[in-house]
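Below: target_7.csv (CSV, C-alpha atoms)
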chain,number,residue,atom,x,y,z
A,1,MET,CA,-1.2,-21.1,21.9
A,2,LYS,CA,-3.7,-20.2,19.1
A,3,THR,CA,-5.0,-23.1,17.1
A,4,TYR,CA,-5.7,-22.7,13.3
A,5,LEU,CA,-7.9,-25.2,11.5
A,6,ILE,CA,-6.7,-25.0,7.9
A,7,THR,CA,-8.8,-26.7,5.3
A,8,GLY,CA,-7.1,-27.8,2.1
A,9,GLY,CA,-3.6,-27.3,3.7
A,10,CYS,CA,-1.9,-29.8,1.4
A,11,GLY,CA,-2.9,-27.8,-1.6
A,12,PHE,CA,-1.0,-24.9,-3.2
A,13,ILE,CA,-2.0,-21.8,-1.3
A,14,GLY,CA,-2.9,-23.7,1.9
A,15,SER,CA,0.5,-25.3,2.3
A,16,HIS,CA,2.3,-22.0,1.8
A,17,PHE,CA,0.0,-20.4,4.4
A,18,ILE,CA,0.7,-23.1,7.0
A,19,ARG,CA,4.4,-22.6,6.5
A,20,HIS,CA,4.0,-18.8,6.8
A,21,VAL,CA,2.0,-19.0,10.0
A,22,LEU,CA,4.4,-21.4,11.7
A,23,GLU,CA,7.5,-19.4,10.7
A,24,ASN,CA,6.0,-16.1,11.8
A,25,SER,CA,4.0,-17.0,14.9
A,26,SER,CA,5.6,-19.1,17.6
A,27,TYR,CA,2.4,-19.2,19.6
A,28,SER,CA,0.4,-21.1,17.0
A,29,SER,CA,-0.5,-24.6,16.1
A,30,ILE,CA,-2.0,-26.0,13.0
A,31,LEU,CA,-4.7,-28.6,12.2
A,32,ASN,CA,-4.6,-29.4,8.5
A,33,LEU,CA,-7.8,-31.0,7.2
A,34,ASP,CA,-7.3,-32.2,3.6
A,35,ALA,CA,-9.0,-34.9,1.6
A,36,LEU,CA,-5.9,-35.4,-0.6
A,37,THR,CA,-7.7,-35.2,-3.9
A,38,TYR,CA,-5.5,-34.9,-7.0
A,39,ALA,CA,-4.3,-31.4,-6.2
A,40,GLY,CA,-3.6,-32.1,-2.5
A,41,ASN,CA,0.0,-33.3,-2.4
A,42,PRO,CA,1.6,-34.6,0.8
A,43,LEU,CA,5.0,-33.5,-0.6
A,44,ASN,CA,3.8,-29.9,-0.2
A,45,VAL,CA,3.9,-30.2,3.6
A,46,ILE,CA,6.6,-32.8,4.2
A,47,ASP,CA,9.1,-30.2,5.5
A,48,ILE,CA,6.4,-28.8,7.8
A,49,GLU,CA,5.8,-32.2,9.4
A,50,GLU,CA,9.6,-32.6,9.9
A,51,ASN,CA,10.2,-29.0,11.2
A,52,TYR,CA,7.1,-28.5,13.4
A,53,PRO,CA,6.2,-32.0,14.8
A,54,ASP,CA,4.7,-30.5,18.0
A,55,ARG,CA,2.7,-27.7,16.3
A,56,TYR,CA,1.4,-29.4,13.2
A,57,LYS,CA,-1.2,-32.2,12.8
A,58,PHE,CA,-2.5,-33.6,9.6
A,59,ILE,CA,-6.1,-34.9,9.4
A,60,LYS,CA,-7.1,-36.8,6.3
A,61,GLY,CA,-10.8,-36.1,5.6
A,62,ASP,CA,-13.4,-34.3,3.5
A,63,ILE,CA,-15.0,-31.0,4.5
A,64,THR,CA,-18.3,-32.5,3.4
A,65,ASP,CA,-18.0,-35.2,6.1
A,66,GLU,CA,-20.1,-33.4,8.8
A,67,LYS,CA,-19.4,-36.1,11.5
A,68,LEU,CA,-15.6,-35.7,11.0
A,69,VAL,CA,-15.8,-31.9,11.1
A,70,LYS,CA,-17.7,-32.0,14.3
A,71,GLU,CA,-15.2,-34.4,15.9
A,72,ILE,CA,-12.4,-32.0,15.1
A,73,PHE,CA,-14.2,-29.2,16.8
A,74,SER,CA,-15.2,-31.3,19.8
A,75,GLN,CA,-11.6,-32.7,20.3
A,76,ASN,CA,-9.7,-29.4,19.7
A,77,GLU,CA,-10.0,-25.8,20.9
A,78,VAL,CA,-10.1,-24.3,17.4
A,79,ASP,CA,-9.5,-20.5,17.5
A,80,GLN,CA,-9.5,-19.7,13.8
A,81,VAL,CA,-10.7,-21.4,10.6
A,82,ILE,CA,-8.9,-20.6,7.4
A,83,HIS,CA,-10.9,-22.2,4.6
A,84,PHE,CA,-8.9,-22.9,1.5
A,85,ALA,CA,-10.4,-26.3,0.6
A,86,ALA,CA,-12.1,-26.1,-2.8
A,87,GLU,CA,-12.4,-27.5,-6.3
A,88,SER,CA,-10.6,-24.7,-8.0
A,89,HIS,CA,-10.0,-25.3,-11.7
A,90,VAL,CA,-12.4,-23.7,-14.2
A,91,ASP,CA,-12.0,-26.3,-17.0
A,92,ARG,CA,-12.7,-29.2,-14.6
A,93,SER,CA,-15.9,-27.5,-13.5
A,94,PHE,CA,-17.3,-27.9,-17.0
A,95,ASP,CA,-16.7,-31.7,-16.7
A,96,ASP,CA,-18.1,-32.2,-13.3
A,97,PRO,CA,-20.2,-29.3,-11.9
A,98,MET,CA,-21.8,-31.4,-9.2
A,99,GLN,CA,-18.4,-32.0,-7.5
A,100,PHE,CA,-17.8,-28.3,-7.4
A,101,MET,CA,-21.2,-27.6,-5.8
A,102,LYS,CA,-20.7,-30.4,-3.3
A,103,THR,CA,-17.2,-29.3,-2.1
A,104,ASN,CA,-17.5,-25.5,-2.5
A,105,VAL,CA,-21.1,-25.0,-1.4
A,106,LEU,CA,-22.0,-27.9,0.9
A,107,GLY,CA,-18.5,-28.2,2.4
A,108,THR,CA,-18.5,-24.4,3.2
A,109,THR,CA,-21.9,-24.7,4.8
A,110,ILE,CA,-20.9,-27.6,7.0
A,111,LEU,CA,-17.8,-25.7,8.2
A,112,LEU,CA,-19.7,-22.5,8.9
A,113,ASN,CA,-22.5,-24.4,10.8
A,114,THR,CA,-20.1,-26.5,12.8
A,115,ALA,CA,-18.0,-23.5,13.9
A,116,LYS,CA,-21.1,-21.6,14.8
A,117,GLU,CA,-22.3,-24.6,16.9
A,118,PHE,CA,-19.1,-25.1,18.8
A,119,TRP,CA,-17.9,-21.5,19.3
A,120,GLN,CA,-19.7,-19.8,22.2
A,121,LYS,CA,-21.1,-16.5,21.2
A,122,ASP,CA,-19.3,-14.6,24.0
A,123,GLU,CA,-16.0,-16.0,22.5
A,124,TRP,CA,-16.7,-14.7,19.0
A,125,ILE,CA,-14.7,-11.6,19.5
A,126,SER,CA,-11.5,-13.7,19.5
A,127,LYS,CA,-12.6,-16.1,16.8
A,128,ARG,CA,-12.3,-15.8,13.1
A,129,PHE,CA,-13.6,-17.7,10.1
A,130,LEU,CA,-11.6,-16.6,7.1
A,131,HIS,CA,-13.2,-17.7,3.8
A,132,ILE,CA,-10.8,-17.7,0.9
A,133,SER,CA,-12.4,-16.8,-2.5
A,134,THR,CA,-11.5,-15.6,-5.9
A,135,ASP,CA,-11.8,-12.6,-8.3
A,136,GLU,CA,-13.6,-14.9,-10.7
A,137,ALA,CA,-16.7,-14.5,-8.6
A,138,TYR,CA,-17.0,-10.9,-10.0
A,139,GLY,CA,-17.2,-12.1,-13.6
A,140,SER,CA,-15.4,-10.3,-16.4
A,141,LEU,CA,-14.2,-6.8,-17.4
A,142,SER,CA,-13.8,-5.8,-21.0
A,143,LEU,CA,-10.3,-5.5,-22.4
A,144,GLY,CA,-10.7,-1.7,-22.9
A,145,GLU,CA,-12.0,-0.8,-19.5
A,146,ASP,CA,-9.9,1.1,-16.9
A,147,ASP,CA,-12.2,0.1,-14.1
A,148,LYS,CA,-11.3,-2.4,-11.5
A,149,PHE,CA,-13.4,-4.7,-9.4
A,150,THR,CA,-14.0,-3.4,-5.9
A,151,GLU,CA,-15.4,-5.2,-2.9
A,152,ASN,CA,-18.8,-3.6,-3.7
A,153,SER,CA,-18.9,-4.9,-7.3
A,154,PRO,CA,-21.8,-7.3,-8.1
A,155,LEU,CA,-21.1,-11.0,-8.4
A,156,LYS,CA,-21.5,-12.2,-12.0
A,157,PRO,CA,-19.8,-15.6,-12.2
A,158,ARG,CA,-19.5,-17.1,-15.7
A,159,SER,CA,-18.4,-20.7,-15.0
A,160,PRO,CA,-19.6,-23.5,-12.6
A,161,TYR,CA,-16.5,-23.0,-10.6
A,162,ALA,CA,-16.9,-19.3,-10.2
A,163,ALA,CA,-20.6,-19.7,-9.4
A,164,SER,CA,-19.9,-22.3,-6.7
A,165,LYS,CA,-17.4,-19.8,-5.1
A,166,ALA,CA,-19.8,-16.9,-5.3
A,167,ALA,CA,-22.5,-19.1,-3.7
A,168,ALA,CA,-20.0,-20.0,-0.9
A,169,ASP,CA,-19.1,-16.3,-0.5
A,170,LEU,CA,-22.8,-15.4,0.0
A,171,LEU,CA,-23.3,-18.2,2.5
A,172,ALA,CA,-20.4,-17.0,4.5
A,173,GLN,CA,-21.6,-13.4,4.3
A,174,SER,CA,-25.1,-14.5,5.4
A,175,TYR,CA,-23.7,-15.9,8.6
A,176,PHE,CA,-22.3,-12.5,9.6
A,177,GLU,CA,-25.5,-10.7,8.6
A,178,SER,CA,-27.8,-13.3,10.2
A,179,PHE,CA,-25.9,-14.2,13.3
A,180,GLU,CA,-23.0,-11.6,13.6
A,181,PHE,CA,-20.7,-14.7,13.2
A,182,PRO,CA,-17.1,-13.6,12.8
A,183,VAL,CA,-16.6,-14.2,9.1
A,184,ILE,CA,-14.1,-12.4,6.9
A,185,ILE,CA,-14.0,-13.0,3.1
A,186,THR,CA,-11.0,-12.5,0.9
A,187,ARG,CA,-10.9,-12.6,-2.9
A,188,SER,CA,-7.5,-12.9,-4.6
A,189,SER,CA,-6.2,-12.5,-8.1
A,190,ASN,CA,-4.3,-15.4,-9.9
A,191,ASN,CA,-1.6,-16.9,-7.6
A,192,PHE,CA,1.7,-18.3,-8.8
A,193,GLY,CA,4.7,-19.9,-7.1
A,194,ALA,CA,6.1,-23.3,-6.1
A,195,ASN,CA,3.9,-26.4,-5.5
A,196,GLN,CA,1.0,-25.3,-7.8
A,197,TYR,CA,-0.6,-28.3,-9.4
A,198,PRO,CA,0.5,-28.1,-13.1
A,199,GLU,CA,-3.0,-27.9,-14.7
A,200,LYS,CA,-2.6,-24.1,-14.0
A,201,LEU,CA,-1.2,-21.9,-16.7
A,202,ILE,CA,2.3,-21.0,-15.4
A,203,PRO,CA,3.4,-24.5,-14.2
A,204,LEU,CA,1.8,-26.2,-17.2
A,205,MET,CA,3.8,-24.0,-19.6
A,206,ILE,CA,7.1,-24.4,-17.7
A,207,LEU,CA,6.8,-28.2,-17.5
A,208,ASN,CA,5.7,-28.5,-21.2
A,209,MET,CA,8.7,-26.5,-22.2
A,210,LYS,CA,10.9,-28.8,-20.2
A,211,LYS,CA,9.5,-31.8,-22.1
A,212,GLU,CA,9.3,-29.9,-25.4
A,213,LYS,CA,5.6,-30.4,-25.6
A,214,THR,CA,2.7,-28.2,-27.0
A,215,LEU,CA,2.0,-25.0,-25.1
A,216,PRO,CA,-1.8,-24.8,-25.4
A,217,ILE,CA,-3.3,-21.2,-25.2
A,218,TYR,CA,-7.0,-20.6,-25.3
A,219,GLY,CA,-8.4,-18.4,-28.1
A,220,ASN,CA,-6.1,-15.6,-29.2
A,221,GLY,CA,-4.2,-15.4,-25.9
A,222,LEU,CA,-5.3,-11.8,-25.2
A,223,ASN,CA,-7.3,-12.6,-22.0
A,224,ILE,CA,-5.8,-10.6,-19.1
A,225,ARG,CA,-5.1,-11.7,-15.6
A,226,ASP,CA,-3.7,-10.0,-12.6
A,227,TRP,CA,-1.0,-12.1,-10.9
A,228,ILE,CA,0.2,-12.3,-7.2
A,229,ASN,CA,3.0,-14.3,-5.7
A,230,VAL,CA,1.6,-16.9,-3.4
A,231,LYS,CA,3.9,-15.8,-0.6
A,232,ASP,CA,2.6,-12.2,-0.9
A,233,HIS,CA,-1.0,-13.6,-0.8
A,234,CYS,CA,-0.2,-15.5,2.5
A,235,LYS,CA,1.3,-12.3,4.1
A,236,ALA,CA,-2.0,-10.5,3.1
A,237,LEU,CA,-4.1,-13.2,4.6
A,238,LEU,CA,-2.3,-13.2,8.0
A,239,ALA,CA,-2.6,-9.4,8.0
A,240,VAL,CA,-6.3,-9.6,7.4
A,241,LEU,CA,-6.7,-12.1,10.2
A,242,GLU,CA,-4.8,-9.8,12.6
A,243,LYS,CA,-6.2,-6.4,11.5
A,244,GLY,CA,-9.2,-7.0,9.3
A,245,GLN,CA,-12.8,-6.3,10.4
A,246,VAL,CA,-15.3,-9.1,10.7
A,247,GLY,CA,-18.1,-9.0,8.2
A,248,GLU,CA,-15.8,-7.4,5.6
A,249,ILE,CA,-14.6,-8.4,2.2
A,250,TYR,CA,-11.0,-7.7,1.1
A,251,ASN,CA,-9.7,-7.9,-2.4
A,252,ILE,CA,-6.0,-9.1,-2.6
A,253,SER,CA,-4.3,-8.3,-5.8
A,254,GLY,CA,-0.7,-8.4,-7.0
A,255,GLU,CA,-1.3,-5.3,-9.3
A,256,GLN,CA,0.6,-7.1,-12.1
A,257,GLU,CA,-1.6,-7.5,-15.2
A,258,PHE,CA,-0.5,-9.5,-18.3
A,259,ASP,CA,-2.4,-11.1,-21.2
A,260,ASN,CA,-1.8,-14.8,-21.5
A,261,ILE,CA,0.3,-14.7,-24.7
A,262,THR,CA,2.6,-12.0,-23.2
A,263,LEU,CA,3.0,-14.1,-20.0
A,264,VAL,CA,3.8,-17.3,-22.0
A,265,ASN,CA,6.4,-15.4,-24.1
A,266,MET,CA,8.0,-14.2,-20.8
A,267,LEU,CA,8.1,-17.8,-19.6
A,268,CYS,CA,9.8,-18.8,-22.9
A,269,GLU,CA,12.4,-16.2,-22.3
A,270,ILE,CA,13.1,-17.2,-18.7
A,271,VAL,CA,13.3,-20.9,-19.5
A,272,ALA,CA,15.7,-20.2,-22.3
A,273,SER,CA,17.9,-18.2,-20.0
A,274,LEU,CA,18.1,-21.1,-17.6
A,275,THR,CA,18.7,-23.8,-20.3
A,276,SER,CA,20.8,-24.2,-23.4
A,277,LYS,CA,17.8,-23.4,-25.7
A,278,THR,CA,16.7,-20.1,-27.3
A,279,LYS,CA,13.4,-18.3,-26.6
A,280,ASP,CA,12.3,-19.0,-30.2
A,281,HIS,CA,13.0,-22.7,-29.7
A,282,PHE,CA,10.2,-22.8,-27.1
A,283,LYS,CA,7.9,-20.3,-28.8
A,284,ARG,CA,7.4,-22.6,-31.7
A,285,TYR,CA,5.5,-25.0,-29.4
A,286,ILE,CA,2.8,-22.3,-28.8
A,287,THR,CA,-0.5,-23.6,-30.0
A,288,PHE,CA,-3.8,-21.6,-30.0
A,289,ILE,CA,-6.7,-23.9,-29.2
A,290,LYS,CA,-10.4,-23.5,-29.2
A,291,ASP,CA,-11.5,-21.0,-26.5
A,292,ARG,CA,-13.2,-22.4,-23.4
A,293,PRO,CA,-16.9,-21.5,-22.8
A,294,GLY,CA,-17.5,-18.2,-21.0
A,295,HIS,CA,-13.8,-17.4,-20.9
A,296,ASP,CA,-13.6,-14.2,-18.9
A,297,LEU,CA,-11.7,-11.4,-20.8
A,298,ARG,CA,-10.1,-9.6,-17.9
A,299,TYR,CA,-9.8,-9.6,-14.1
A,300,THR,CA,-8.2,-6.9,-12.1
A,301,MET,CA,-9.1,-5.7,-8.6
A,302,ASP,CA,-8.7,-2.5,-6.5
A,303,CYS,CA,-6.9,-3.7,-3.4
A,304,SER,CA,-6.6,-0.3,-1.7
A,305,LYS,CA,-9.0,-1.4,1.1
A,306,VAL,CA,-6.7,-4.2,2.4
A,307,GLN,CA,-3.7,-2.0,2.0
A,308,ASN,CA,-5.3,0.9,3.9
A,309,GLU,CA,-6.7,-1.2,6.7
A,310,THR,CA,-3.9,-3.7,7.3
A,311,GLY,CA,-0.7,-2.0,5.9
A,312,TRP,CA,0.0,-4.9,3.6
A,313,LYS,CA,1.3,-4.2,0.1
A,314,PRO,CA,2.3,-6.5,-2.7
A,315,SER,CA,6.0,-6.9,-3.5
A,316,ASN,CA,5.7,-5.7,-7.1
A,317,ASN,CA,8.7,-7.8,-8.1
A,318,PHE,CA,7.1,-9.9,-10.7
A,319,MET,CA,10.1,-10.9,-12.9
A,320,LYS,CA,12.2,-11.9,-9.9
A,321,ASP,CA,9.4,-13.9,-8.5
A,322,LEU,CA,8.5,-15.5,-11.8
A,323,THR,CA,12.1,-16.5,-12.5
A,324,GLY,CA,12.3,-18.1,-9.0
A,325,THR,CA,9.1,-20.0,-9.8
A,326,VAL,CA,10.5,-21.3,-13.1
A,327,GLN,CA,13.7,-22.4,-11.4
A,328,TRP,CA,11.6,-24.4,-8.8
A,329,TYR,CA,9.6,-26.3,-11.4
A,330,LEU,CA,12.7,-27.1,-13.5
A,331,THR,CA,14.5,-28.6,-10.5
A,332,HIS,CA,11.9,-30.5,-8.5
A,333,ASP,CA,11.5,-33.6,-10.5
A,334,GLU,CA,10.1,-35.8,-7.6
A,335,TRP,CA,7.3,-33.4,-7.0
A,336,VAL,CA,6.5,-33.2,-10.7
A,337,ARG,CA,6.4,-37.0,-11.0
A,338,SER,CA,4.0,-37.1,-8.0
A,339,CYS,CA,1.5,-35.1,-10.1
A,340,GLU,CA,2.2,-36.6,-13.5
A,341,PHE,CA,-0.1,-39.5,-14.0
A,342,SER,CA,-3.5,-37.9,-13.1
A,343,LEU,CA,-2.4,-34.7,-14.9
A,344,GLN,CA,-1.4,-36.3,-18.2
A,345,LYS,CA,-4.6,-38.4,-18.3
A,346,TRP,CA,-6.8,-35.3,-17.8
A,347,MET,CA,-4.7,-33.3,-20.3
A,348,ARG,CA,-5.1,-35.8,-23.1
A,349,ALA,CA,-8.9,-36.0,-22.5
A,350,HIS,CA,-9.4,-32.3,-22.2
A,351,TYR,CA,-7.1,-30.7,-24.7
A,352,ASP,CA,-7.2,-33.5,-27.2
A,353,LEU,CA,-3.4,-33.1,-27.8

Please render this file's structure as structure tokens.
Amino acid sequence: MKTYLITGGCGFIGSHFIRHVLENSSYSSILNLDALTYAGNPLNVIDIEENYPDRYKFIKGDITDEKLVKEIFSQNEVDQVIHFAAESHVDRSFDDPMQFMKTNVLGTTILLNTAKEFWQKDEWISKRFLHISTDEAYGSLSLGEDDKFTENSPLKPRSPYAASKAAADLLAQSYFESFEFPVIITRSSNNFGANQYPEKLIPLMILNMKKEKTLPIYGNGLNIRDWINVKDHCKALLAVLEKGQVGEIYNISGEQEFDNITLVNMLCEIVASLTSKTKDHFKRYITFIKDRPGHDLRYTMDCSKVQNETGWKPSNNFMKDLTGTVQWYLTHDEWVRSCEFSLQKWMRAHYDL
């Protein structure tokens, strides 16, 4: 039985990854360490607790609590660490940069140091520390460029969030370079799917359409992002764990680029097709608001390395996946209500709507 320590497993990507591992590997057990901050929702894992009571354990706690992290390693035979836990929203990083540095930098250092302390060096060949990062660490491409970020592109973060993730990446990489510690780093493009906290673009737009509220879009809406279905991302992560090389960085991209206004128009069309309203009915709520500071123009990554080395490929079925995502948010009212209070309070303060 292989034991995975998942940090941030009640969050969006982490909960999907736990489910993917348990469904696809019968010889695995999960320790889920999550502080249950605003974006960590127990409803994201309630089915996991019910379906895998003997292979899943939840531990409430913070990755910056060094004593707790050491207790987990001392009381469990941890084989692999998959480190999702992070403050992850760019806008919030402008409001409270210190919290981002504490969680993303200090927390990552505590995890790395503790794993290094408890894993015997002669066991490292079978151990893995998978550090989950973001394309935002690379900075921004211009709208007219054909180039894509590669794993060798320099890190040029442009927000406190991106800077904290870039710093954590470099720390993780330093543990391989300094100690030959079995670290692997992945950087993904924008994820979408069920259970994503609705401060993010896609769920925010869907839920605001449902309530016939303003659809706030920064600047002129021409900023471009590459999108990947969260389930595709989880398949890639498991492939990297099984076939990736320690010390390496792997870009994980959905290879599906859209500017923000095009994406919102697509969402208007899908929501209209699932309700009694027209696309134009929802489009009238689109409101262009003041651009955020240092708003990156475009992200896109070359993910040929992960495809060549692991055999993973993205599904490239964007419209089907996006439609399924819209259906999920329109029909999961209990989950939405569980997010509502903290989200609306922050939205009113941030967007001044």

Atom CA of A:Asn195 to atom CA of A:Cys234 measures 14.1 Å

Under the rule that all atoms listed in the file are counted, which of A:Val69, A:Leu171, A:Ile286, A:Ile18 is the nearest residue to A:Met205? A:Ile286

Residues near A:Glu23, anyone? I mean within 12 Å using all atoms listed in the file, not counting same-chain ones fewer than 6 positions away, as a list of chain:residue names.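 Residues meeting the cut-off are A:His16, A:Phe17, A:Ser29, A:Ile30, A:Ile48, A:Asn51, A:Tyr52, A:Arg55, A:Tyr56, A:Cys234, A:Lys235, A:Leu238.
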
Counting only C-alpha atoms, the residue of A:Glu123, A:Glu77, A:Asp321, A:Glu136 that sits nearest A:Ala194: A:Asp321

List the spatial neighbours of A:Lys290 as a PyMOL selection string - criterion: any atom at most 10 Å away, all atoms listed in the file, same-chain residues fewer than 6 positions off excluded. chain A and resi 216-220+351

Identify the residues around (-7.2, -9.6, -2.8) within a radius of 6 Å, measuring from only C-alpha atoms in the coordinates stated by the file, and give them as a ChimeraX atom specification. /A:187-188,250-253,303

Near-A:Lys211 list (12 Å; all atoms listed in the file; drop same-chain fewer than 5 positions) as an NGL selection string: :A and (204-206 or 271 or 282 or 285 or 330 or 333 or 336)

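Nearest-residue note for A:Val78: choosing from A:Tyr161, A:Phe118, A:Phe181, A:Phe94, the minimum distance belongs to A:Phe118, counting only C-alpha atoms.
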
Under the rule of at most 9 Å, produce a per-residue listing of stretch 148-255 of chain A near stretch 8-13 of chain A: chain, number, name, the closest pair of atoms, and the distance in Å, as a Markdown table, using only C-alpha atoms.
| residue | atom | partner | partner_atom | distance |
| --- | --- | --- | --- | --- |
| A:Asn191 | CA | A:Ile13 | CA | 8.0 |
| A:Gly193 | CA | A:Phe12 | CA | 8.5 |
| A:Ala194 | CA | A:Phe12 | CA | 7.8 |
| A:Asn195 | CA | A:Phe12 | CA | 5.6 |
| A:Gln196 | CA | A:Phe12 | CA | 5.0 |
| A:Tyr197 | CA | A:Phe12 | CA | 7.1 |
| A:Val230 | CA | A:Ile13 | CA | 6.4 |
| A:Lys231 | CA | A:Ile13 | CA | 8.4 |
| A:His233 | CA | A:Ile13 | CA | 8.3 |
| A:Cys234 | CA | A:Ile13 | CA | 7.6 |

Take the residues from that selection and put them in a file with C-alpha atoms, as a compact mmCIF listing (two decimals), in the coordinates of the input.
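Output file result21.txt is given in full below:
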# COMPACT_ATOMS: atom_id res chain seq x y z
CA ASN A 191 -1.60 -16.90 -7.60
CA GLY A 193 4.70 -19.90 -7.10
CA ALA A 194 6.10 -23.30 -6.10
CA ASN A 195 3.90 -26.40 -5.50
CA GLN A 196 1.00 -25.30 -7.80
CA TYR A 197 -0.60 -28.30 -9.40
CA VAL A 230 1.60 -16.90 -3.40
CA LYS A 231 3.90 -15.80 -0.60
CA HIS A 233 -1.00 -13.60 -0.80
CA CYS A 234 -0.20 -15.50 2.50

Close residues, A:Asn76 itself excluded, 12 Å, all atoms listed in the file, min 2 positions apart in chain, as an mmCIF file with C-alpha atoms, in the coordinates of the input:
data_model
loop_
_atom_site.group_PDB
_atom_site.id
_atom_site.type_symbol
_atom_site.label_atom_id
_atom_site.label_comp_id
_atom_site.auth_asym_id
_atom_site.auth_seq_id
_atom_site.Cartn_x
_atom_site.Cartn_y
_atom_site.Cartn_z
ATOM 1 C CA LYS A 2 -3.700 -20.200 19.100
ATOM 2 C CA THR A 3 -5.000 -23.100 17.100
ATOM 3 C CA TYR A 4 -5.700 -22.700 13.300
ATOM 4 C CA LEU A 5 -7.900 -25.200 11.500
ATOM 5 C CA SER A 29 -0.500 -24.600 16.100
ATOM 6 C CA ILE A 30 -2.000 -26.000 13.000
ATOM 7 C CA LEU A 31 -4.700 -28.600 12.200
ATOM 8 C CA LYS A 57 -1.200 -32.200 12.800
ATOM 9 C CA VAL A 69 -15.800 -31.900 11.100
ATOM 10 C CA LYS A 70 -17.700 -32.000 14.300
ATOM 11 C CA GLU A 71 -15.200 -34.400 15.900
ATOM 12 C CA ILE A 72 -12.400 -32.000 15.100
ATOM 13 C CA PHE A 73 -14.200 -29.200 16.800
ATOM 14 C CA SER A 74 -15.200 -31.300 19.800
ATOM 15 C CA VAL A 78 -10.100 -24.300 17.400
ATOM 16 C CA ASP A 79 -9.500 -20.500 17.500
ATOM 17 C CA GLN A 80 -9.500 -19.700 13.800
ATOM 18 C CA ALA A 115 -18.000 -23.500 13.900
ATOM 19 C CA PHE A 118 -19.100 -25.100 18.800
ATOM 20 C CA TRP A 119 -17.900 -21.500 19.300
#

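Distance check against A:Gln245 using all atoms listed in the file: of A:Arg337, A:His295, A:Arg128, A:Arg19, the minimum falls on A:Arg128.
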
Could you name the residues that touch stretch 97-106 of chain A at 9 Å or less, counting all atoms listed in the file, but leaving out those on the same chain fewer than 3 positions away, as a VMD selection string? chain A and resid 62 to 64 85 to 88 92 to 94 109 to 111 160 to 161 163 to 165 167 to 169 171

Which value, in Å to one decimal, gives the distance between atom CA of A:Leu155 and atom CA of A:Tyr299?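 For atom CA of A:Leu155 relative to atom CA of A:Tyr299, the distance reads 12.7 Å.
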
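One distance worth recording is that between atom CA of A:Glu151 and atom CA of A:Gln120, which is 29.4 Å.
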
Rank A:Tyr38, A:Trp227, A:Trp328, A:Phe129 by their smallest atom-to-atom distance to A:Pro203, using all atoms listed in the file, and report the top residue only.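 Closest candidate: A:Trp328.
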